[in-house]
>>> print(open('work_6.txt').read())   # compact mmCIF, C-alpha atoms and all ligand atoms
# COMPACT_ATOMS: atom_id res chain seq x y z
CA MET A 1 116.35 -223.08 3.33
CA SER A 2 114.32 -219.94 2.55
CA LYS A 3 113.38 -217.01 4.74
CA ILE A 4 109.61 -216.85 4.69
CA ALA A 5 107.16 -214.34 6.18
CA VAL A 6 103.62 -215.62 6.76
CA VAL A 7 101.33 -212.65 7.37
CA GLY A 8 98.20 -213.72 9.28
CA ALA A 9 98.34 -216.48 11.89
CA ASP A 10 94.93 -218.09 11.67
CA PRO A 11 94.08 -221.47 10.01
CA ALA A 12 95.72 -220.69 6.65
CA GLY A 13 98.83 -218.99 8.02
CA CYS A 14 99.40 -221.46 10.87
CA SER A 15 99.06 -224.38 8.47
CA ALA A 16 101.57 -222.86 6.01
CA GLY A 17 103.92 -221.95 8.88
CA TYR A 18 103.70 -225.46 10.36
CA HIS A 19 104.53 -227.25 7.10
CA LEU A 20 107.27 -224.83 6.06
CA ALA A 21 109.00 -224.86 9.47
CA ARG A 22 108.90 -228.67 9.46
CA SER A 23 110.55 -228.61 6.02
CA GLY A 24 113.44 -226.63 7.53
CA HIS A 25 112.57 -223.07 6.41
CA ASP A 26 113.10 -220.02 8.59
CA VAL A 27 109.48 -218.92 9.13
CA THR A 28 108.22 -215.73 10.78
CA LEU A 29 104.48 -215.61 11.49
CA LEU A 30 103.17 -212.05 11.76
CA ASP A 31 99.72 -211.12 13.00
CA LYS A 32 98.09 -207.86 13.99
CA LYS A 33 96.68 -209.55 17.11
CA CYS A 34 98.26 -211.77 19.73
CA PHE A 35 96.91 -215.10 20.95
CA PRO A 36 94.48 -216.21 22.31
CA LYS A 37 92.10 -214.28 20.06
CA ASP A 38 88.50 -214.74 18.95
CA LYS A 39 86.90 -214.44 15.51
CA ILE A 40 83.32 -214.05 14.31
CA CYS A 41 82.50 -217.43 12.81
CA GLY A 42 79.84 -220.16 12.68
CA ASP A 43 82.28 -222.24 14.77
CA GLY A 44 81.59 -225.23 12.49
CA ILE A 45 84.66 -227.43 12.16
CA SER A 46 83.47 -229.63 9.29
CA ILE A 47 84.53 -233.20 8.62
CA GLU A 48 86.72 -231.77 5.85
CA SER A 49 88.36 -229.38 8.36
CA ILE A 50 88.97 -232.28 10.77
CA GLN A 51 90.64 -234.20 7.92
CA ALA A 52 92.67 -231.13 6.92
CA VAL A 53 94.07 -230.48 10.42
CA SER A 54 95.15 -234.11 10.68
CA ILE A 55 97.98 -233.26 8.25
CA MET A 56 99.15 -230.83 10.97
CA GLY A 57 99.21 -233.70 13.47
CA ILE A 58 95.92 -232.66 15.14
CA TYR A 59 93.74 -235.79 15.28
CA PRO A 60 90.10 -236.26 16.37
CA GLN A 61 91.27 -237.75 19.69
CA ASP A 62 93.32 -234.56 20.37
CA ILE A 63 90.30 -232.42 19.53
CA ARG A 64 88.08 -234.55 21.80
CA LYS A 65 90.57 -234.16 24.64
CA LEU A 66 91.43 -230.49 24.24
CA ALA A 67 87.98 -229.24 23.32
CA SER A 68 85.84 -231.66 25.31
CA ASP A 69 83.27 -228.98 26.23
CA TYR A 70 82.23 -228.52 22.60
CA ALA A 71 79.80 -230.40 20.45
CA PRO A 72 80.64 -233.45 18.34
CA ILE A 73 78.32 -233.45 15.33
CA HIS A 74 76.80 -236.72 14.12
CA ARG A 75 74.03 -235.49 11.84
CA PHE A 76 73.76 -233.03 8.95
CA PHE A 77 70.45 -231.39 8.26
CA LEU A 78 69.80 -229.73 4.93
CA GLY A 79 66.50 -227.88 4.67
CA VAL A 80 64.86 -225.73 2.01
CA SER A 81 61.61 -224.81 3.75
CA ASN A 82 59.73 -225.43 6.98
CA GLN A 83 58.61 -228.90 5.97
CA ILE A 84 61.12 -229.94 3.33
CA TYR A 85 64.44 -231.12 4.66
CA HIS A 86 66.72 -234.12 4.94
CA SER A 87 68.80 -235.16 7.94
CA GLU A 88 71.69 -237.58 7.41
CA THR A 89 73.63 -239.46 10.08
CA THR A 90 77.38 -239.54 9.48
CA LYS A 91 79.98 -241.98 10.74
CA LEU A 92 82.69 -239.32 10.73
CA GLU A 93 82.40 -236.58 13.35
CA ALA A 94 82.48 -232.85 12.81
CA TYR A 95 82.68 -230.35 15.69
CA CYS A 96 81.46 -226.94 16.79
CA ILE A 97 84.32 -225.23 18.58
CA PRO A 98 84.69 -221.48 19.19
CA ARG A 99 87.59 -220.01 17.23
CA LEU A 100 89.20 -218.78 20.47
CA VAL A 101 89.87 -222.45 21.27
CA PHE A 102 90.32 -223.95 17.79
CA ASP A 103 92.73 -221.33 16.37
CA GLN A 104 94.86 -221.62 19.49
CA LEU A 105 95.37 -225.35 18.75
CA LEU A 106 96.69 -224.54 15.28
CA TYR A 107 98.86 -221.67 16.51
CA GLU A 108 100.53 -223.89 19.13
CA LYS A 109 101.28 -226.51 16.45
CA ALA A 110 102.94 -223.87 14.24
CA ILE A 111 105.04 -222.57 17.14
CA ASP A 112 106.02 -226.11 18.22
CA ALA A 113 107.10 -226.79 14.63
CA GLY A 114 109.60 -223.90 14.89
CA CYS A 115 107.83 -220.73 13.63
CA ASN A 116 108.76 -217.40 15.20
CA PHE A 117 105.80 -215.16 16.04
CA MET A 118 105.63 -211.35 15.96
CA THR A 119 102.69 -209.02 16.52
CA GLN A 120 102.66 -206.56 13.63
CA THR A 121 100.04 -205.01 11.38
CA ILE A 122 100.95 -205.16 7.70
CA ASN A 123 98.96 -202.47 5.98
CA LYS A 124 97.17 -203.00 2.69
CA ASN A 125 99.62 -204.23 0.09
CA ASN A 126 102.49 -202.04 1.13
CA TRP A 127 105.07 -204.83 1.45
CA HIS A 128 107.89 -202.63 0.10
CA HIS A 129 107.26 -199.77 2.49
CA GLN A 130 107.32 -202.09 5.47
CA GLY A 131 110.62 -203.68 4.44
CA LEU A 132 109.20 -207.18 4.13
CA TYR A 133 109.80 -207.52 0.41
CA ASP A 134 113.57 -207.26 0.71
CA ALA A 135 113.88 -209.05 4.04
CA PHE A 136 112.17 -212.29 2.97
CA ASP A 137 112.53 -214.66 -0.02
CA THR A 138 108.80 -215.36 -0.08
CA ILE A 139 105.82 -213.68 1.56
CA ILE A 140 102.64 -215.63 2.21
CA ASP A 141 99.58 -213.43 2.47
CA ALA A 142 97.17 -215.13 4.89
CA ARG A 143 95.50 -211.95 6.19
CA GLY A 144 92.01 -213.25 5.61
CA VAL A 145 88.97 -211.71 4.01
CA TYR A 146 90.12 -208.08 3.70
CA ALA A 147 93.19 -209.15 1.71
CA GLY A 148 90.89 -211.09 -0.65
CA GLU A 149 87.82 -209.93 -2.53
CA VAL A 150 84.85 -209.48 -0.20
CA ASN A 151 81.82 -210.99 -1.96
CA ALA A 152 79.54 -212.18 0.86
CA LEU A 153 78.31 -211.08 4.25
CA ALA A 154 77.34 -213.13 7.30
CA ILE A 155 75.67 -212.43 10.62
CA ARG A 156 76.15 -214.59 13.68
CA ALA A 157 74.35 -214.71 17.05
CA TYR A 158 74.78 -216.88 20.15
CA TRP A 159 71.61 -218.20 21.77
CA THR A 160 71.52 -220.01 25.10
CA LEU A 161 68.76 -222.53 25.82
CA ASN A 162 68.03 -224.93 28.68
CA ARG A 163 69.03 -228.55 28.10
CA GLN A 164 65.58 -229.77 29.27
CA ASP A 165 63.97 -227.90 26.34
CA LEU A 166 66.07 -229.72 23.74
CA SER A 167 66.19 -233.20 22.24
CA GLN A 168 69.43 -235.21 22.06
CA LYS A 169 69.26 -234.85 18.25
CA GLU A 170 69.35 -231.05 18.49
CA LEU A 171 72.57 -231.27 20.51
CA THR A 172 74.45 -233.21 17.84
CA GLU A 173 73.04 -231.89 14.56
CA ALA A 174 74.43 -229.13 12.33
CA GLN A 175 71.60 -227.53 10.37
CA ILE A 176 72.01 -225.68 7.09
CA HIS A 177 68.93 -223.99 5.63
CA PHE A 178 68.98 -223.13 1.92
CA ASP A 179 65.80 -221.34 2.71
CA ARG A 180 63.72 -219.16 0.42
CA SER A 181 62.12 -217.65 3.53
CA LEU A 182 65.28 -215.53 3.64
CA GLY A 183 63.80 -213.75 0.64
CA VAL A 184 67.13 -213.99 -1.14
CA ASN A 185 69.54 -216.70 -2.37
CA GLY A 186 71.62 -217.31 0.76
CA TYR A 187 71.84 -219.74 3.67
CA GLY A 188 71.07 -219.93 7.36
CA TRP A 189 72.63 -222.18 9.99
CA ILE A 190 72.02 -223.53 13.50
CA PHE A 191 75.05 -225.16 15.12
CA PRO A 192 75.21 -226.45 18.71
CA VAL A 193 78.45 -225.24 20.28
CA SER A 194 78.73 -225.67 24.01
CA THR A 195 76.68 -228.69 25.11
CA GLN A 196 78.26 -229.99 28.31
CA GLN A 197 76.34 -227.91 30.87
CA ASP A 198 72.65 -227.43 31.55
CA SER A 199 72.79 -224.20 29.52
CA ILE A 200 73.32 -225.06 25.88
CA LYS A 201 74.84 -222.51 23.51
CA PHE A 202 73.92 -222.41 19.81
CA ASN A 203 75.57 -220.46 17.01
CA VAL A 204 72.80 -219.19 14.70
CA GLY A 205 73.39 -217.10 11.61
CA VAL A 206 72.73 -216.16 8.03
CA GLY A 207 75.05 -215.70 5.05
CA VAL A 208 74.24 -213.90 1.83
CA TRP A 209 76.19 -213.07 -1.33
CA LEU A 210 76.76 -209.42 -2.04
CA ASP A 211 75.47 -209.64 -5.63
CA GLU A 212 72.11 -210.78 -4.18
CA TYR A 213 72.24 -208.50 -1.16
CA GLN A 214 72.83 -205.37 -3.19
CA LYS A 215 69.65 -206.04 -5.20
CA ILE A 216 67.33 -206.01 -2.18
CA ASN A 217 66.09 -203.09 -0.20
CA THR A 218 66.94 -204.32 3.28
CA ASN A 219 69.92 -205.00 5.52
CA ILE A 220 71.44 -208.17 6.95
CA ILE A 221 69.96 -207.62 10.41
CA GLN A 222 66.48 -207.50 8.85
CA LEU A 223 67.30 -210.64 6.81
CA PHE A 224 68.30 -212.43 10.00
CA LYS A 225 65.01 -211.38 11.67
CA GLN A 226 63.13 -212.57 8.57
CA PHE A 227 64.91 -215.94 8.69
CA ILE A 228 63.90 -216.36 12.35
CA GLN A 229 60.29 -215.33 11.78
CA SER A 230 59.63 -217.37 8.63
CA ASN A 231 61.49 -220.55 9.50
CA GLU A 232 59.45 -222.71 11.88
CA ILE A 233 62.48 -224.52 13.32
CA VAL A 234 64.37 -221.32 14.11
CA ARG A 235 61.25 -219.60 15.44
CA GLN A 236 60.53 -222.52 17.81
CA MET A 237 64.10 -222.41 19.00
CA GLN A 238 64.04 -218.67 19.57
CA SER A 239 60.91 -219.02 21.74
CA LYS A 240 63.03 -221.12 24.18
CA VAL A 241 66.06 -218.79 24.31
CA VAL A 242 66.97 -217.85 27.89
CA SER A 243 69.81 -215.46 27.02
CA GLN A 244 71.56 -214.22 23.90
CA GLN A 245 74.49 -212.16 22.71
CA PRO A 246 73.77 -209.47 20.12
CA PRO A 247 74.43 -210.59 16.54
CA LYS A 248 77.66 -209.54 14.82
CA VAL A 249 78.28 -209.05 11.11
CA PHE A 250 81.48 -210.02 9.26
CA PRO A 251 82.38 -210.27 5.53
CA LEU A 252 83.44 -213.38 3.61
CA ALA A 253 85.70 -213.97 0.62
CA THR A 254 84.09 -216.91 -1.17
CA ALA A 255 85.28 -218.45 -4.45
CA LYS A 256 85.61 -216.34 -7.58
CA LYS A 257 86.30 -217.15 -11.20
CA GLY A 258 89.70 -216.60 -12.83
CA ASN A 259 91.43 -216.48 -9.46
CA LYS A 260 95.14 -215.55 -9.45
CA VAL A 261 96.69 -216.64 -6.17
CA ALA A 262 100.32 -215.70 -6.84
CA ASP A 263 101.83 -212.31 -7.60
CA GLY A 264 105.65 -212.30 -7.79
CA LYS A 265 106.90 -213.50 -4.46
CA ILE A 266 103.55 -212.85 -2.73
CA LEU A 267 101.50 -216.05 -2.45
CA ARG A 268 97.91 -215.71 -1.23
CA ILE A 269 96.19 -218.47 0.74
CA GLY A 270 92.95 -219.04 2.69
CA ASP A 271 90.42 -216.20 2.62
CA ALA A 272 93.09 -213.87 1.21
CA ALA A 273 92.89 -216.11 -1.90
CA ASN A 274 89.06 -216.38 -1.91
CA LEU A 275 89.02 -220.07 -1.06
CA THR A 276 85.83 -220.15 1.03
CA ASP A 277 83.03 -222.50 -0.05
CA PRO A 278 80.62 -220.48 -2.21
CA LEU A 279 77.55 -222.39 -0.95
CA THR A 280 78.02 -222.64 2.80
CA GLY A 281 80.65 -220.01 3.70
CA GLU A 282 82.80 -222.76 5.19
CA GLY A 283 86.42 -221.68 4.83
CA ILE A 284 88.56 -223.33 7.50
CA ALA A 285 89.18 -226.56 5.56
CA ASN A 286 90.44 -224.84 2.40
CA ALA A 287 92.45 -222.37 4.50
CA VAL A 288 94.30 -225.25 6.19
CA LYS A 289 94.69 -227.20 2.94
CA SER A 290 96.01 -224.15 1.11
CA GLY A 291 98.69 -223.78 3.80
CA PHE A 292 99.79 -227.34 3.07
CA HIS A 293 99.83 -226.89 -0.72
CA VAL A 294 101.62 -223.53 -0.67
CA ALA A 295 104.36 -225.20 1.40
CA GLN A 296 104.56 -227.92 -1.25
CA ALA A 297 104.81 -225.23 -3.95
CA ILE A 298 107.74 -223.60 -2.16
CA ASN A 299 109.47 -226.92 -1.47
CA MET A 300 109.09 -228.01 -5.13
CA GLY A 301 110.51 -224.75 -6.57
CA ASN A 302 114.11 -223.63 -6.62
CA SER A 303 113.30 -219.90 -6.78
CA PRO A 304 110.49 -217.54 -5.66
CA ASP A 305 109.26 -217.37 -9.29
CA ALA A 306 109.05 -221.16 -9.52
CA ALA A 307 107.23 -221.26 -6.16
CA ALA A 308 104.67 -218.76 -7.50
CA ASP A 309 104.09 -220.82 -10.67
CA ASN A 310 103.81 -223.99 -8.61
CA TRP A 311 101.27 -222.45 -6.21
CA GLN A 312 99.06 -221.19 -9.06
CA TYR A 313 99.24 -224.68 -10.60
CA LEU A 314 98.46 -226.45 -7.31
CA TYR A 315 95.55 -224.05 -6.68
CA GLU A 316 94.12 -224.87 -10.10
CA SER A 317 94.53 -228.62 -9.67
CA HIS A 318 93.38 -228.96 -6.03
CA PHE A 319 90.76 -226.26 -5.50
CA GLU A 320 89.45 -224.76 -8.71
CA ALA A 321 87.19 -227.55 -10.03
CA ASP A 322 85.40 -227.95 -6.68
CA LEU A 323 84.97 -224.19 -6.19
CA ARG A 324 83.77 -223.72 -9.76
CA ALA A 325 81.19 -226.51 -9.31
CA GLY A 326 80.08 -224.81 -6.06
CA LEU A 327 79.63 -221.53 -7.96
CA GLY A 328 77.59 -223.42 -10.58
CA ILE A 329 75.28 -224.91 -7.91
CA LYS A 330 74.97 -221.48 -6.29
CA ALA A 331 73.79 -220.07 -9.64
CA PHE A 332 71.23 -222.90 -10.02
CA ARG A 333 69.90 -222.24 -6.53
CA LYS A 334 68.55 -218.91 -7.75
CA PHE A 335 65.68 -221.01 -9.14
CA SER A 336 63.88 -222.17 -6.00
CA PHE A 337 62.61 -225.37 -7.65
CA MET A 338 66.26 -226.51 -7.78
CA ASN A 339 66.41 -226.44 -3.98
CA TYR A 340 63.27 -228.59 -3.78
CA LEU A 341 64.64 -230.94 -6.43
CA LEU A 342 67.77 -231.40 -4.33
CA ILE A 343 65.79 -232.55 -1.26
CA TRP A 344 63.46 -234.66 -3.44
CA LEU A 345 66.50 -236.45 -4.92
CA MET A 346 67.89 -237.00 -1.42
CA LYS A 347 64.63 -238.53 -0.22
CA GLN A 348 64.40 -240.80 -3.29
CA ASN A 349 67.89 -242.24 -3.14
CA PRO A 350 69.97 -242.83 0.02
CA ARG A 351 73.23 -242.79 -1.97
CA VAL A 352 72.40 -239.38 -3.42
CA ALA A 353 71.40 -238.18 0.08
CA GLN A 354 74.74 -239.29 1.46
CA GLN A 355 76.70 -237.77 -1.43
CA ILE A 356 74.97 -234.38 -1.16
CA SER A 357 75.23 -234.27 2.65
CA HIS A 358 78.91 -235.15 2.39
CA ALA A 359 79.44 -232.48 -0.27
CA VAL A 360 77.82 -229.82 1.94
CA ALA A 361 79.94 -231.12 4.84
CA GLY A 362 82.95 -230.81 2.53
CA VAL A 363 83.97 -234.48 2.43
CA VAL A 364 83.16 -234.98 -1.26
CA PRO A 365 84.04 -232.22 -3.75
CA TYR A 366 81.00 -230.66 -5.49
CA ASN A 367 82.37 -231.54 -8.92
CA GLU A 368 82.51 -235.23 -7.99
CA VAL A 369 78.92 -235.17 -6.71
CA ILE A 370 77.69 -233.57 -9.91
CA ALA A 371 79.58 -236.19 -11.94
CA SER A 372 78.21 -239.08 -9.84
CA LEU A 373 74.59 -237.81 -10.13
CA ARG A 374 74.78 -238.25 -13.90
CA TYR A 375 75.02 -242.05 -13.46
C1 LIG R 1 79.97 -215.15 10.26
C2 LIG R 1 80.91 -216.17 9.66
C3 LIG R 1 80.68 -217.51 9.90
C4 LIG R 1 81.60 -218.45 9.40
N1 LIG R 1 81.39 -219.76 9.73
C5 LIG R 1 82.27 -220.69 9.35
C6 LIG R 1 82.12 -222.04 9.79
O1 LIG R 1 81.21 -222.37 10.54
N2 LIG R 1 83.04 -222.94 9.38
C7 LIG R 1 84.08 -222.60 8.58
O2 LIG R 1 84.88 -223.48 8.20
N3 LIG R 1 84.26 -221.31 8.15
C8 LIG R 1 83.39 -220.35 8.54
N4 LIG R 1 83.58 -219.05 8.17
C9 LIG R 1 84.74 -218.72 7.31
C10 LIG R 1 86.03 -218.78 8.11
O3 LIG R 1 85.93 -217.93 9.25
C11 LIG R 1 87.21 -218.32 7.24
O4 LIG R 1 87.11 -218.91 5.98
C12 LIG R 1 88.55 -218.72 7.85
O5 LIG R 1 88.74 -218.10 9.10
C13 LIG R 1 89.70 -218.32 6.90
O6 LIG R 1 90.93 -218.52 7.54
P1 LIG R 1 92.18 -217.61 7.14
O7 LIG R 1 93.31 -218.10 7.97
O8 LIG R 1 92.33 -217.57 5.67
O9 LIG R 1 91.75 -216.14 7.55
P2 LIG R 1 91.38 -215.53 8.96
O10 LIG R 1 90.85 -216.58 9.87
O11 LIG R 1 90.53 -214.35 8.71
O12 LIG R 1 92.77 -215.04 9.54
C14 LIG R 1 93.41 -213.89 9.10
C15 LIG R 1 94.49 -213.54 10.11
O13 LIG R 1 95.22 -212.42 9.60
C16 LIG R 1 95.35 -211.43 10.61
N5 LIG R 1 95.40 -210.14 9.92
C17 LIG R 1 94.42 -209.54 9.22
N6 LIG R 1 94.83 -208.37 8.71
C18 LIG R 1 96.13 -208.24 9.08
C19 LIG R 1 97.11 -207.25 8.86
N7 LIG R 1 96.82 -206.15 8.15
N8 LIG R 1 98.35 -207.43 9.37
C20 LIG R 1 98.63 -208.53 10.10
N9 LIG R 1 97.73 -209.51 10.36
C21 LIG R 1 96.50 -209.37 9.85
C22 LIG R 1 94.10 -211.60 11.48
O14 LIG R 1 94.31 -211.09 12.79
C23 LIG R 1 93.92 -213.13 11.47
O15 LIG R 1 94.65 -213.76 12.50
C24 LIG R 1 82.71 -218.07 8.62
C25 LIG R 1 82.92 -216.71 8.36
C26 LIG R 1 82.04 -215.77 8.87
C27 LIG R 1 82.28 -214.32 8.59
>>> encode(input="work_6.txt", output="structure tokens", more="lines below")
Ligand SMILES: Cc1cc2nc3c(=O)[nH]c(=O)nc-3n(C[C@H](O)[C@H](O)[C@H](O)COP(=O)(O)OP(=O)(O)OC[C@H]3O[C@@H](n4cnc5c(N)ncnc54)[C@H](O)[C@@H]3O)c2cc1C
Amino acid sequence: MSKIAVVGADPAGCSAGYHLARSGHDVTLLDKKCFPKDKICGDGISIESIQAVSIMGIYPQDIRKLASDYAPIHRFFLGVSNQIYHSETTKLEAYCIPRLVFDQLLYEKAIDAGCNFMTQTINKNNWHHQGLYDAFDTIIDARGVYAGEVNALAIRAYWTLNRQDLSQKELTEAQIHFDRSLGVNGYGWIFPVSTQQDSIKFNVGVGVWLDEYQKINTNIIQLFKQFIQSNEIVRQMQSKVVSQQPPKVFPLATAKKGNKVADGKILRIGDAANLTDPLTGEGIANAVKSGFHVAQAINMGNSPDAAADNWQYLYESHFEADLRAGLGIKAFRKFSFMNYLLIWLMKQNPRVAQQISHAVAGVVPYNEVIASLRY
């Protein structure tokens, strides 16, 4: 049994804590905030995230019961301009659940599995100064985006509309817009969140990569306004808004090349290890999965050094190919005709449409989609 500190108690940290405590380790979860706590997010719990939390014993029926006020998603919409889009029905459900509710589910699982929880801020990378390095055999860094490399920025707003102004489809569809109307290579989203009352809440936002953002002479609030004004679907929706919360901006740590996720006895997971999808900014699934694999790495090793080698190896075998393919597609999307080609291919061939929708929803890795399109 090892003594393990998991710093950061959100999806990545709770997943690691859950699996390690169940394997018999003495696990202390540390977080700068106490629960329940909110987080700026798109609130999209993708099909891949639903699959990932099932290895923590959280199944769709639990989610339906515990988060019954929030939207089950049955359709994925991928659009590249006002007229050019594809909408795909899926058999598997995704959800839109505010992080205040969703993260609490994961936290309770980790505590039930035997983790101890402490509220403590662990500054920068000063593990030695704070006594953690000597007190624990292994430290898992799950502190999120600021512990990783910030390489993208997102803005999120909540809009409330009246049910009578919306179709049933709009209440169950997650929309992603790879939209040139943004004026930059990025993405916009519209996700229904709270759909059980007469007032329906949507999470609407825009994400953009810093390398693109730094080249343009504007700011993310302007980009968001531009997205609303130039995109017919979003503009129509905004005209029906009855109330809204001001938008909030938060950074992202999406995939990067040559990623080193282990450093001595410090093992980085989730956003701290830059595991977020480089095309959609979706990071919960990989955060939860990385918690599972880092626990495997520790259980397979007989020393902290072996655990570090194992984690780097498991990262490379389970995450790297998919993330690298996502980075490749992101680079192609700089050429706007590639975005149109994508939708054209989806309209031509239902199998391709399903594969691409599932890749964006995270069910099929990007590298497998690229391979299957060659045949
Ligand atoms: C606007 C926006 C929209 C997004 N939309 C989606 C979406 O729809 N779907 C999706 O899957 N992903 C989305 N993401 C990404 C997703 O939020 C992250 O990928 C995910 O939360 C990563 O989980 P994590 O556990 O690695 O990190 P986090 O969720 O960031 O958790 C880090 C934890 O560490 C704690 N912490 C931080 N610093 C310290 C410290 N110094 N000491 C102690 N504790 C600390 C924090 O309090 C927190 O609990 C979005 C991100 C943004 C910014």
>>> atom_distance(input="work_6.txt", atom1="atom C5 of ligand LIG 1 (chain R)", atom2="atom CA of A:Asn310")
28.2 Å
>>> closest_residue(input="work_6.txt", among="A:Gly183, A:Pro304, A:Gly188, A:Gly205", to="A:Asn217", atoms="all atoms listed in the file")
A:Gly183
>>> axis_aligned_box(input="work_6.txt", around="ligand LIG 1 (chain R)", padding_each_side="6 Å", output="lines of an AutoDock Vina configuration file")
center_x = 89.3
center_y = -214.8
center_z = 9.2
size_x = 30.7
size_y = 29.3
size_z = 19.1
>>> atom_distance(input="work_6.txt", atom1="atom CA of A:Arg99", atom2="atom C14 of ligand LIG 1 (chain R)")
11.7 Å
>>> residues_around(input="work_6.txt", residues="A:Gly114", least_positions_apart="2", cutoff="6 Å", atoms="only C-alpha atoms", output="list in words")
Ala21, Ile111 and Asp112 of chain A
>>> residues_around(input="work_6.txt", residues="A:Ala67", least_positions_apart="6", cutoff="9 Å", atoms="all atoms listed in the file", output="number ranges by chain")
A: 97, 101-102
>>> atom_distance(input="work_6.txt", atom1="atom CA of A:Glu282", atom2="atom CA of A:Gly264")
28.3 Å
>>> residues_around(input="work_6.txt", residues="stretch 57-65 of chain A", least_positions_apart="3", cutoff="9 Å", atoms="all atoms listed in the file", output="PyMOL selection string")
chain A and resi 50-54+68-70+72+93+95+102+105-106+109
>>> residues_near_ligand(input="work_6.txt", ligand="ligand LIG 1 (chain R)", cutoff="6 Å", atoms="all atoms listed in the file", output="VMD selection string")
chain A and resid 7 to 13 30 to 33 40 to 45 120 to 123 142 to 145 154 to 156 250 to 252 270 to 272 276 281 to 285 287
